[in-house]
file run-v2.csv (CSV, C-alpha atoms)
chain,number,residue,atom,x,y,z
A,1,MET,CA,-5.9,11.2,57.3
A,2,ASP,CA,-3.1,9.7,59.3
A,3,THR,CA,-3.5,6.7,61.6
A,4,VAL,CA,-3.3,8.6,64.9
A,5,ALA,CA,-6.0,11.1,63.7
A,6,LEU,CA,-8.3,8.2,62.6
A,7,LEU,CA,-7.8,6.3,65.9
A,8,VAL,CA,-8.6,9.5,67.9
A,9,GLY,CA,-11.6,10.2,65.6
A,10,LEU,CA,-13.0,6.7,66.4
A,11,GLY,CA,-12.7,7.4,70.1
A,12,PRO,CA,-16.4,8.5,70.3
A,13,LEU,CA,-17.3,5.2,68.6
A,14,ILE,CA,-16.0,3.4,71.7
A,15,GLY,CA,-17.0,6.0,74.3
A,16,TRP,CA,-20.5,7.0,73.1
A,17,GLY,CA,-21.1,3.7,71.4
A,18,LEU,CA,-20.7,1.7,74.6
A,19,PHE,CA,-22.0,4.3,77.1
A,20,PRO,CA,-25.7,3.5,76.8
A,21,THR,CA,-25.2,-0.2,76.8
A,22,ILE,CA,-22.9,0.0,79.9
A,23,ALA,CA,-25.4,2.3,81.7
A,24,SER,CA,-28.3,-0.1,80.9
A,25,LYS,CA,-26.2,-3.2,81.9
A,26,PHE,CA,-25.4,-1.8,85.3
A,27,GLY,CA,-29.1,-1.0,85.7
A,28,GLY,CA,-30.8,1.0,88.4
A,29,ARG,CA,-33.2,3.9,88.1
A,30,PRO,CA,-32.5,7.0,85.9
A,31,SER,CA,-31.6,8.8,89.2
A,32,ASN,CA,-28.8,6.2,89.7
A,33,GLN,CA,-27.7,6.4,86.1
A,34,ILE,CA,-27.5,10.2,85.9
A,35,LEU,CA,-25.8,10.6,89.3
A,36,GLY,CA,-23.1,8.1,88.5
A,37,THR,CA,-22.6,9.2,84.9
A,38,THR,CA,-22.2,12.8,85.9
A,39,ILE,CA,-19.8,12.0,88.7
A,40,GLY,CA,-17.7,9.9,86.3
A,41,THR,CA,-17.8,12.7,83.7
A,42,PHE,CA,-16.7,15.3,86.2
A,43,ILE,CA,-13.8,13.2,87.5
A,44,LEU,CA,-12.4,12.6,84.0
A,45,ALA,CA,-13.0,16.3,83.0
A,46,LEU,CA,-11.1,17.4,86.1
A,47,VAL,CA,-8.2,15.1,85.4
A,48,PHE,CA,-8.1,16.2,81.7
A,49,MET,CA,-8.0,19.9,82.6
A,50,TRP,CA,-5.2,19.3,85.1
A,51,VAL,CA,-3.1,17.2,82.6
A,52,ARG,CA,-3.6,19.7,79.8
A,53,ASP,CA,-3.1,22.7,82.2
A,54,LEU,CA,-6.2,24.4,80.7
A,55,SER,CA,-7.5,27.7,82.1
A,56,PHE,CA,-10.8,27.7,83.9
A,57,PRO,CA,-13.4,30.0,82.2
A,58,SER,CA,-15.0,32.9,84.0
A,59,GLY,CA,-17.9,35.2,83.6
A,60,SER,CA,-20.4,34.6,80.8
A,61,ASP,CA,-18.1,31.9,79.3
A,62,LEU,CA,-18.4,29.9,82.6
A,63,LEU,CA,-22.1,30.4,82.9
A,64,LEU,CA,-22.9,29.4,79.3
A,65,SER,CA,-20.7,26.3,79.6
A,66,ILE,CA,-22.5,25.3,82.8
A,67,ILE,CA,-25.9,25.9,81.1
A,68,SER,CA,-24.7,23.6,78.3
A,69,GLY,CA,-23.9,20.8,80.8
A,70,ILE,CA,-27.3,21.3,82.5
A,71,GLY,CA,-29.0,21.0,79.1
A,72,TRP,CA,-27.2,17.7,78.4
A,73,ALA,CA,-28.0,16.2,81.8
A,74,CYS,CA,-31.7,17.1,81.6
A,75,ALA,CA,-31.9,15.5,78.2
A,76,GLN,CA,-29.9,12.4,79.3
A,77,ILE,CA,-32.4,11.8,82.1
A,78,VAL,CA,-35.2,11.8,79.5
A,79,THR,CA,-33.1,9.4,77.4
A,80,PHE,CA,-32.6,7.1,80.4
A,81,LEU,CA,-36.3,7.1,81.0
A,82,SER,CA,-36.9,6.1,77.4
A,83,PHE,CA,-34.5,3.2,77.8
A,84,ARG,CA,-36.9,1.7,80.3
A,85,LEU,CA,-39.8,2.0,77.8
A,86,VAL,CA,-38.2,0.7,74.6
A,87,GLY,CA,-34.6,-0.2,75.3
A,88,SER,CA,-31.4,1.5,74.3
A,89,SER,CA,-31.2,-0.2,70.9
A,90,ARG,CA,-34.4,1.6,69.9
A,91,ALA,CA,-34.0,4.8,71.8
A,92,MET,CA,-30.5,5.7,70.7
A,93,PRO,CA,-31.2,5.9,66.9
A,94,ILE,CA,-34.2,8.1,67.6
A,95,THR,CA,-32.4,10.5,69.9
A,96,THR,CA,-29.4,10.6,67.5
A,97,ALA,CA,-31.7,11.4,64.6
A,98,PHE,CA,-33.4,14.2,66.7
A,99,GLN,CA,-29.9,15.6,67.6
A,100,LEU,CA,-28.8,15.6,64.0
A,101,LEU,CA,-32.0,17.3,62.8
A,102,GLY,CA,-31.8,19.9,65.6
A,103,ALA,CA,-28.1,20.7,65.0
A,104,SER,CA,-28.7,20.9,61.2
A,105,LEU,CA,-31.7,23.2,61.4
A,106,TRP,CA,-30.0,25.4,64.0
A,107,GLY,CA,-27.0,25.7,61.7
A,108,VAL,CA,-29.2,26.6,58.7
A,109,PHE,CA,-31.4,29.1,60.3
A,110,TYR,CA,-29.0,30.7,62.8
A,111,LEU,CA,-25.5,30.1,61.6
A,112,GLY,CA,-26.1,30.4,57.9
A,113,ASP,CA,-25.0,26.9,56.9
A,114,TRP,CA,-25.9,25.3,53.6
A,115,PRO,CA,-25.7,28.5,51.5
A,116,GLY,CA,-27.2,28.2,48.0
A,117,VAL,CA,-30.1,26.2,46.6
A,118,ASN,CA,-28.2,23.0,45.8
A,119,ALA,CA,-26.9,22.8,49.4
A,120,LYS,CA,-30.3,23.2,50.8
A,121,ILE,CA,-31.7,20.5,48.5
A,122,PHE,CA,-29.0,18.0,49.3
A,123,GLY,CA,-29.3,18.9,53.0
A,124,GLY,CA,-33.0,18.5,53.0
A,125,LEU,CA,-32.7,15.1,51.3
A,126,ALA,CA,-30.1,14.1,54.0
A,127,LEU,CA,-32.5,15.1,56.8
A,128,ILE,CA,-35.2,13.0,55.1
A,129,ALA,CA,-32.8,10.0,55.0
A,130,ILE,CA,-32.1,10.5,58.7
A,131,ILE,CA,-35.8,10.5,59.5
A,132,ILE,CA,-36.4,7.3,57.4
A,133,GLY,CA,-33.3,5.7,59.0
A,134,ALA,CA,-34.6,6.3,62.5
A,135,TYR,CA,-38.0,4.9,61.6
A,136,LEU,CA,-36.4,1.8,60.2
A,137,THR,CA,-34.4,1.1,63.3
A,138,VAL,CA,-37.6,0.9,65.4
A,139,TRP,CA,-39.7,-1.0,62.8
A,140,SER,CA,-41.3,-4.0,64.3
A,141,GLU,CA,-42.4,-7.1,62.4
A,142,ASN,CA,-44.9,-8.1,65.0
A,143,LYS,CA,-46.6,-4.9,66.2
A,144,THR,CA,-48.8,-4.8,69.2
A,145,GLN,CA,-50.8,-2.0,70.7
A,146,GLU,CA,-48.6,-2.0,73.8
A,147,LYS,CA,-45.4,-1.8,71.8
A,148,SER,CA,-46.7,1.0,69.7
A,149,SER,CA,-47.9,2.9,72.7
A,150,LEU,CA,-44.6,2.6,74.5
A,151,LEU,CA,-42.7,3.6,71.3
A,152,LYS,CA,-44.9,6.7,70.8
A,153,LYS,CA,-44.4,7.7,74.4
A,154,ALA,CA,-40.6,7.3,74.1
A,155,VAL,CA,-40.5,9.4,70.9
A,156,ILE,CA,-42.4,12.2,72.5
A,157,TRP,CA,-40.1,12.1,75.5
A,158,LEU,CA,-37.0,12.1,73.3
A,159,LEU,CA,-38.4,15.0,71.2
A,160,PHE,CA,-38.7,17.1,74.3
A,161,GLY,CA,-35.2,15.9,75.4
A,162,GLU,CA,-33.8,17.4,72.2
A,163,ILE,CA,-34.2,20.8,73.8
A,164,GLY,CA,-31.6,19.9,76.3
A,165,TYR,CA,-29.2,18.4,73.7
A,166,TRP,CA,-29.7,21.6,71.7
A,167,LEU,CA,-28.6,23.7,74.7
A,168,TYR,CA,-25.6,21.4,75.1
A,169,SER,CA,-24.4,22.1,71.6
A,170,ALA,CA,-25.6,25.6,71.1
A,171,ALA,CA,-24.6,27.4,74.3
A,172,PRO,CA,-20.8,27.0,73.8
A,173,GLN,CA,-21.1,28.5,70.3
A,174,ALA,CA,-21.9,31.8,72.0
A,175,THR,CA,-18.5,31.7,73.8
A,176,PRO,CA,-15.0,32.2,72.3
A,177,ILE,CA,-13.4,29.5,74.5
A,178,SER,CA,-12.5,26.1,73.0
A,179,GLY,CA,-14.5,22.9,73.6
A,180,MET,CA,-11.7,21.5,75.8
A,181,GLU,CA,-11.8,24.6,78.1
A,182,ALA,CA,-15.6,24.4,78.3
A,183,PHE,CA,-15.7,20.7,79.2
A,184,LEU,CA,-15.0,21.0,82.9
A,185,PRO,CA,-17.7,23.7,83.4
A,186,GLN,CA,-20.0,21.6,81.4
A,187,SER,CA,-19.4,18.6,83.6
A,188,ILE,CA,-20.1,20.8,86.6
A,189,GLY,CA,-23.5,21.7,85.1
A,190,MET,CA,-24.1,18.0,84.5
A,191,LEU,CA,-23.2,17.1,88.1
A,192,ILE,CA,-25.5,19.8,89.5
A,193,VAL,CA,-28.4,18.2,87.7
A,194,GLY,CA,-27.4,14.7,88.7
A,195,ILE,CA,-27.2,15.7,92.4
A,196,ILE,CA,-30.5,17.6,92.3
A,197,TYR,CA,-32.4,14.8,90.5
A,198,ALA,CA,-31.1,12.2,93.0
A,199,ALA,CA,-32.0,14.5,95.9
A,200,VAL,CA,-35.5,15.0,94.5
A,201,GLU,CA,-35.9,11.2,94.1
A,202,THR,CA,-34.7,10.7,97.7
A,203,THR,CA,-37.3,13.1,99.2
A,204,ARG,CA,-40.1,11.9,96.9
A,205,SER,CA,-39.9,8.1,97.5
A,206,ASN,CA,-40.6,6.5,100.8
A,207,THR,CA,-40.3,2.9,99.4
A,208,GLU,CA,-37.0,3.1,97.5
A,209,ALA,CA,-33.5,3.7,98.8
A,210,SER,CA,-31.8,7.0,98.2
A,211,PRO,CA,-29.7,7.0,95.0
A,212,PHE,CA,-26.9,8.4,97.1
A,213,LYS,CA,-26.8,5.2,99.2
A,214,GLU,CA,-27.2,2.7,96.4
A,215,LYS,CA,-24.1,0.9,95.1
A,216,VAL,CA,-25.4,0.9,91.5
A,217,SER,CA,-25.1,4.7,91.4
A,218,TYR,CA,-21.4,4.5,91.9
A,219,LYS,CA,-21.0,1.6,89.4
A,220,GLN,CA,-22.5,4.0,86.9
A,221,ILE,CA,-19.3,6.2,87.3
A,222,TRP,CA,-17.8,3.8,84.8
A,223,ALA,CA,-20.5,4.7,82.3
A,224,GLY,CA,-19.6,8.3,82.9
A,225,PHE,CA,-16.0,7.6,82.1
A,226,PHE,CA,-17.1,6.1,78.7
A,227,PHE,CA,-19.3,9.2,78.0
A,228,ALA,CA,-16.5,11.6,78.9
A,229,PHE,CA,-13.9,9.6,76.9
A,230,GLY,CA,-16.2,9.9,73.8
A,231,ALA,CA,-16.7,13.6,74.4
A,232,LEU,CA,-13.0,14.3,74.9
A,233,THR,CA,-11.8,12.3,71.9
A,234,TYR,CA,-14.4,14.1,69.8
A,235,LEU,CA,-13.1,17.5,70.9
A,236,ILE,CA,-9.6,16.5,70.1
A,237,SER,CA,-10.6,14.9,66.8
A,238,ALA,CA,-12.5,18.1,65.7
A,239,GLN,CA,-9.3,20.2,66.0
A,240,PRO,CA,-8.0,21.4,62.6
A,241,ASP,CA,-4.6,19.6,63.0
A,242,MET,CA,-6.4,16.3,63.6
A,243,ASN,CA,-9.6,15.5,61.5
A,244,GLY,CA,-11.3,18.8,61.5
A,245,LEU,CA,-14.9,19.5,62.6
A,246,ALA,CA,-16.8,17.9,59.7
A,247,THR,CA,-14.8,14.7,59.5
A,248,GLY,CA,-14.6,14.4,63.3
A,249,PHE,CA,-18.4,14.8,63.6
A,250,VAL,CA,-19.1,12.2,61.0
A,251,LEU,CA,-16.7,9.7,62.6
A,252,SER,CA,-18.4,10.3,66.0
A,253,GLN,CA,-21.8,9.5,64.6
A,254,THR,CA,-20.7,5.9,64.0
A,255,SER,CA,-21.3,5.5,67.7
A,256,VAL,CA,-25.0,5.1,67.1
A,257,ALA,CA,-24.4,1.8,65.2
A,258,LEU,CA,-22.3,0.4,68.1
A,259,ALA,CA,-24.8,1.6,70.7
A,260,THR,CA,-27.7,0.0,68.8
A,261,LEU,CA,-26.0,-3.3,68.0
A,262,THR,CA,-24.5,-3.8,71.5
A,263,GLY,CA,-28.0,-3.1,73.0
A,264,ILE,CA,-29.3,-5.9,70.9
A,265,TRP,CA,-26.5,-8.4,71.4
A,266,PHE,CA,-25.7,-7.8,75.1
A,267,LEU,CA,-28.9,-6.6,76.7
A,268,GLY,CA,-31.4,-9.1,75.3
A,269,GLN,CA,-33.2,-6.5,73.2
A,270,GLU,CA,-34.0,-9.1,70.6
A,271,LYS,CA,-35.0,-8.5,67.0
A,272,THR,CA,-36.1,-10.9,64.3
A,273,LYS,CA,-33.8,-11.5,61.2
A,274,LYS,CA,-36.0,-9.1,59.2
A,275,GLU,CA,-36.0,-6.5,61.9
A,276,MET,CA,-32.2,-6.8,62.2
A,277,ALA,CA,-31.7,-6.3,58.5
A,278,VAL,CA,-34.1,-3.3,58.4
A,279,THR,CA,-32.3,-1.8,61.5
A,280,VAL,CA,-28.9,-2.1,59.7
A,281,VAL,CA,-30.3,-0.3,56.7
A,282,GLY,CA,-31.7,2.4,59.0
A,283,LEU,CA,-28.3,2.9,60.7
A,284,VAL,CA,-26.6,3.3,57.4
A,285,LEU,CA,-29.1,5.9,56.3
A,286,ILE,CA,-28.5,7.9,59.6
A,287,ILE,CA,-24.7,7.8,59.3
A,288,ALA,CA,-24.9,8.6,55.5
A,289,GLY,CA,-27.3,11.5,56.2
A,290,ALA,CA,-25.0,12.8,58.9
A,291,ALA,CA,-22.1,12.7,56.5
A,292,VAL,CA,-24.0,14.7,53.8
A,293,THR,CA,-25.0,17.4,56.3
A,294,GLN,CA,-21.4,18.0,57.2
A,295,PHE,CA,-19.8,18.0,53.7
A,296,ILE,CA,-22.2,20.0,51.6

call {"tool": "encode", "arguments": {"input": "run-v2.csv", "output": "structure tokens"}}
result
Amino acid sequence: MDTVALLVGLGPLIGWGLFPTIASKFGGRPSNQILGTTIGTFILALVFMWVRDLSFPSGSDLLLSIISGIGWACAQIVTFLSFRLVGSSRAMPITTAFQLLGASLWGVFYLGDWPGVNAKIFGGLALIAIIIGAYLTVWSENKTQEKSSLLKKAVIWLLFGEIGYWLYSAAPQATPISGMEAFLPQSIGMLIVGIIYAAVETTRSNTEASPFKEKVSYKQIWAGFFFAFGALTYLISAQPDMNGLATGFVLSQTSVALATLTGIWFLGQEKTKKEMAVTVVGLVLIIAGAAVTQFI
């Protein structure tokens, strides 16, 4: 692996790793966060398509790409809601684990991944490691009924949110276009959801300002830039002449470690020394499990 490919492959570490922390730091409601994030993603996708002179999809390719973006945005709203319950440092490992589990099971049952008994055994052990890792990242030394209740609620929300993330990754697989060509239509689908959700919040609340009029919504555009940067560098990294799909995917999953640790360090989501040590072990298990699922 050459230096350029490695640096590109670590782009998602920066983009996706800092995205949840930046979005949480700017604050606001989920409607502010999703509106700003999707605007930022659309802007960067538009610039990228213009710079690379990519063709714009049509027909079913366009529709499936937009549906993919809609799935991501719906899931991300759920993830933003879970941030308010347990913080990004606890929510991100859970949602990452669910995405890894969903993608792996989809690959096995639909795409025919992991052929042979040995592959299925090692793959199953990797999924167990991911589940254990996610549990360890949310382990609490001093449990209370309130903390347990909030965590349970967040896990249920994130489990349902996995449906949207599954659409985000699965829909483009039904099209022959590249991920780079699909990215702008995906961002359109994301933006549609962001605008609709903000509009619904505007009409539903008589006490809070419209997300369209609040400055924090437009600060969140920066968070969108970070998400889009992570997505675009992953798409480039996954190309055969760079790192390839498997290596690019594993490198991108290191973002969960940065997202978790920056949430702890910069957002005041404190952990005891024992909780911190257990969290690090959990993150290692998640990343190791992700690596095994790609290379078996």

call {"tool": "closest_residue", "arguments": {"input": "run-v2.csv", "among": "A:Val8, A:Ile286, A:Val292, A:Ala73", "to": "Gln99 in chain A", "atoms": "only C-alpha atoms"}}
result
A:Ile286

call {"tool": "residues_around", "arguments": {"input": "run-v2.csv", "residues": "range 253-268 of chain A", "least_positions_apart": "5", "cutoff": "8 Å", "atoms": "only C-alpha atoms", "output": "short mmCIF file (atom, residue, chain, number, x, y, z; two decimals) with C-alpha atoms, keeping the file's coordinate frame"}}
result
data_model
loop_
_atom_site.label_atom_id
_atom_site.label_comp_id
_atom_site.auth_asym_id
_atom_site.auth_seq_id
_atom_site.Cartn_x
_atom_site.Cartn_y
_atom_site.Cartn_z
CA PRO A 12 -16.40 8.50 70.30
CA LEU A 13 -17.30 5.20 68.60
CA ILE A 14 -16.00 3.40 71.70
CA GLY A 15 -17.00 6.00 74.30
CA TRP A 16 -20.50 7.00 73.10
CA GLY A 17 -21.10 3.70 71.40
CA LEU A 18 -20.70 1.70 74.60
CA PHE A 19 -22.00 4.30 77.10
CA PRO A 20 -25.70 3.50 76.80
CA THR A 21 -25.20 -0.20 76.80
CA SER A 24 -28.30 -0.10 80.90
CA LYS A 25 -26.20 -3.20 81.90
CA GLY A 87 -34.60 -0.20 75.30
CA SER A 88 -31.40 1.50 74.30
CA SER A 89 -31.20 -0.20 70.90
CA ARG A 90 -34.40 1.60 69.90
CA MET A 92 -30.50 5.70 70.70
CA PRO A 93 -31.20 5.90 66.90
CA THR A 96 -29.40 10.60 67.50
CA LEU A 283 -28.30 2.90 60.70
CA ILE A 287 -24.70 7.80 59.30
CA ALA A 290 -25.00 12.80 58.90
#

call {"tool": "residues_near_point", "arguments": {"input": "run-v2.csv", "point": "(-17.9, 25.8, 77.7)", "cutoff": "10 Å", "atoms": "all atoms listed in the file", "output": "PyMOL selection string"}}
result
chain A and resi 56-58+60-69+168-169+171-187

call {"tool": "atom_distance", "arguments": {"input": "run-v2.csv", "atom1": "CA of Glu141 in chain A", "atom2": "CA of Ala291 in chain A"}}
result
29.0 Å

call {"tool": "residues_around", "arguments": {"input": "run-v2.csv", "residues": "range 32-45 of chain A", "least_positions_apart": "5", "cutoff": "10 Å", "atoms": "only C-alpha atoms", "output": "MDAnalysis selection string"}}
result
chainID A and resid 19:20 23:24 26:27 50:51 69 73:74 76:77 80 180:199 201 210:229 231:232

call {"tool": "write_last_selection", "arguments": {"input": "run-v2.csv", "atoms": "C-alpha atoms", "output": "PDB file, in the coordinates of the input"}}
result
ATOM      1  CA  PHE A  19     -22.000   4.300  77.100  1.00  0.00           C
ATOM      2  CA  PRO A  20     -25.700   3.500  76.800  1.00  0.00           C
ATOM      3  CA  ALA A  23     -25.400   2.300  81.700  1.00  0.00           C
ATOM      4  CA  SER A  24     -28.300  -0.100  80.900  1.00  0.00           C
ATOM      5  CA  PHE A  26     -25.400  -1.800  85.300  1.00  0.00           C
ATOM      6  CA  GLY A  27     -29.100  -1.000  85.700  1.00  0.00           C
ATOM      7  CA  TRP A  50      -5.200  19.300  85.100  1.00  0.00           C
ATOM      8  CA  VAL A  51      -3.100  17.200  82.600  1.00  0.00           C
ATOM      9  CA  GLY A  69     -23.900  20.800  80.800  1.00  0.00           C
ATOM     10  CA  ALA A  73     -28.000  16.200  81.800  1.00  0.00           C
ATOM     11  CA  CYS A  74     -31.700  17.100  81.600  1.00  0.00           C
ATOM     12  CA  GLN A  76     -29.900  12.400  79.300  1.00  0.00           C
ATOM     13  CA  ILE A  77     -32.400  11.800  82.100  1.00  0.00           C
ATOM     14  CA  PHE A  80     -32.600   7.100  80.400  1.00  0.00           C
ATOM     15  CA  MET A 180     -11.700  21.500  75.800  1.00  0.00           C
ATOM     16  CA  GLU A 181     -11.800  24.600  78.100  1.00  0.00           C
ATOM     17  CA  ALA A 182     -15.600  24.400  78.300  1.00  0.00           C
ATOM     18  CA  PHE A 183     -15.700  20.700  79.200  1.00  0.00           C
ATOM     19  CA  LEU A 184     -15.000  21.000  82.900  1.00  0.00           C
ATOM     20  CA  PRO A 185     -17.700  23.700  83.400  1.00  0.00           C
ATOM     21  CA  GLN A 186     -20.000  21.600  81.400  1.00  0.00           C
ATOM     22  CA  SER A 187     -19.400  18.600  83.600  1.00  0.00           C
ATOM     23  CA  ILE A 188     -20.100  20.800  86.600  1.00  0.00           C
ATOM     24  CA  GLY A 189     -23.500  21.700  85.100  1.00  0.00           C
ATOM     25  CA  MET A 190     -24.100  18.000  84.500  1.00  0.00           C
ATOM     26  CA  LEU A 191     -23.200  17.100  88.100  1.00  0.00           C
ATOM     27  CA  ILE A 192     -25.500  19.800  89.500  1.00  0.00           C
ATOM     28  CA  VAL A 193     -28.400  18.200  87.700  1.00  0.00           C
ATOM     29  CA  GLY A 194     -27.400  14.700  88.700  1.00  0.00           C
ATOM     30  CA  ILE A 195     -27.200  15.700  92.400  1.00  0.00           C
ATOM     31  CA  ILE A 196     -30.500  17.600  92.300  1.00  0.00           C
ATOM     32  CA  TYR A 197     -32.400  14.800  90.500  1.00  0.00           C
ATOM     33  CA  ALA A 198     -31.100  12.200  93.000  1.00  0.00           C
ATOM     34  CA  ALA A 199     -32.000  14.500  95.900  1.00  0.00           C
ATOM     35  CA  GLU A 201     -35.900  11.200  94.100  1.00  0.00           C
ATOM     36  CA  SER A 210     -31.800   7.000  98.200  1.00  0.00           C
ATOM     37  CA  PRO A 211     -29.700   7.000  95.000  1.00  0.00           C
ATOM     38  CA  PHE A 212     -26.900   8.400  97.100  1.00  0.00           C
ATOM     39  CA  LYS A 213     -26.800   5.200  99.200  1.00  0.00           C
ATOM     40  CA  GLU A 214     -27.200   2.700  96.400  1.00  0.00           C
ATOM     41  CA  LYS A 215     -24.100   0.900  95.100  1.00  0.00           C
ATOM     42  CA  VAL A 216     -25.400   0.900  91.500  1.00  0.00           C
ATOM     43  CA  SER A 217     -25.100   4.700  91.400  1.00  0.00           C
ATOM     44  CA  TYR A 218     -21.400   4.500  91.900  1.00  0.00           C
ATOM     45  CA  LYS A 219     -21.000   1.600  89.400  1.00  0.00           C
ATOM     46  CA  GLN A 220     -22.500   4.000  86.900  1.00  0.00           C
ATOM     47  CA  ILE A 221     -19.300   6.200  87.300  1.00  0.00           C
ATOM     48  CA  TRP A 222     -17.800   3.800  84.800  1.00  0.00           C
ATOM     49  CA  ALA A 223     -20.500   4.700  82.300  1.00  0.00           C
ATOM     50  CA  GLY A 224     -19.600   8.300  82.900  1.00  0.00           C
ATOM     51  CA  PHE A 225     -16.000   7.600  82.100  1.00  0.00           C
ATOM     52  CA  PHE A 226     -17.100   6.100  78.700  1.00  0.00           C
ATOM     53  CA  PHE A 227     -19.300   9.200  78.000  1.00  0.00           C
ATOM     54  CA  ALA A 228     -16.500  11.600  78.900  1.00  0.00           C
ATOM     55  CA  PHE A 229     -13.900   9.600  76.900  1.00  0.00           C
ATOM     56  CA  ALA A 231     -16.700  13.600  74.400  1.00  0.00           C
ATOM     57  CA  LEU A 232     -13.000  14.300  74.900  1.00  0.00           C
TER      58      LEU A 232
END

call {"tool": "atom_distance", "arguments": {"input": "run-v2.csv", "atom1": "CA of Thr95 in chain A", "atom2": "CA of Thr79 in chain A"}}
result
7.6 Å

call {"tool": "atom_distance", "arguments": {"input": "run-v2.csv", "atom1": "CA of Val155 in chain A", "atom2": "CA of Ser82 in chain A"}}
result
8.1 Å

call {"tool": "closest_residue", "arguments": {"input": "run-v2.csv", "among": "A:Phe160, A:Ile236, A:Arg52, A:Pro30", "to": "Gly11 in chain A", "atoms": "only C-alpha atoms"}}
result
A:Ile236

call {"tool": "residues_around", "arguments": {"input": "run-v2.csv", "residues": "Gln239 in chain A", "least_positions_apart": "3", "cutoff": "10 Å", "atoms": "all atoms listed in the file", "output": "count of residues only"}}
result
11

call {"tool": "closest_residue", "arguments": {"input": "run-v2.csv", "among": "A:Gly161, A:Gly102, A:Gly71, A:Pro240", "to": "Ile131 in chain A", "atoms": "all atoms listed in the file"}}
result
A:Gly102

call {"tool": "closest_residue", "arguments": {"input": "run-v2.csv", "among": "A:Thr233, A:Thr207, A:Gln145, A:Gln269", "to": "Phe83 in chain A", "atoms": "all atoms listed in the file"}}
result
A:Gln269
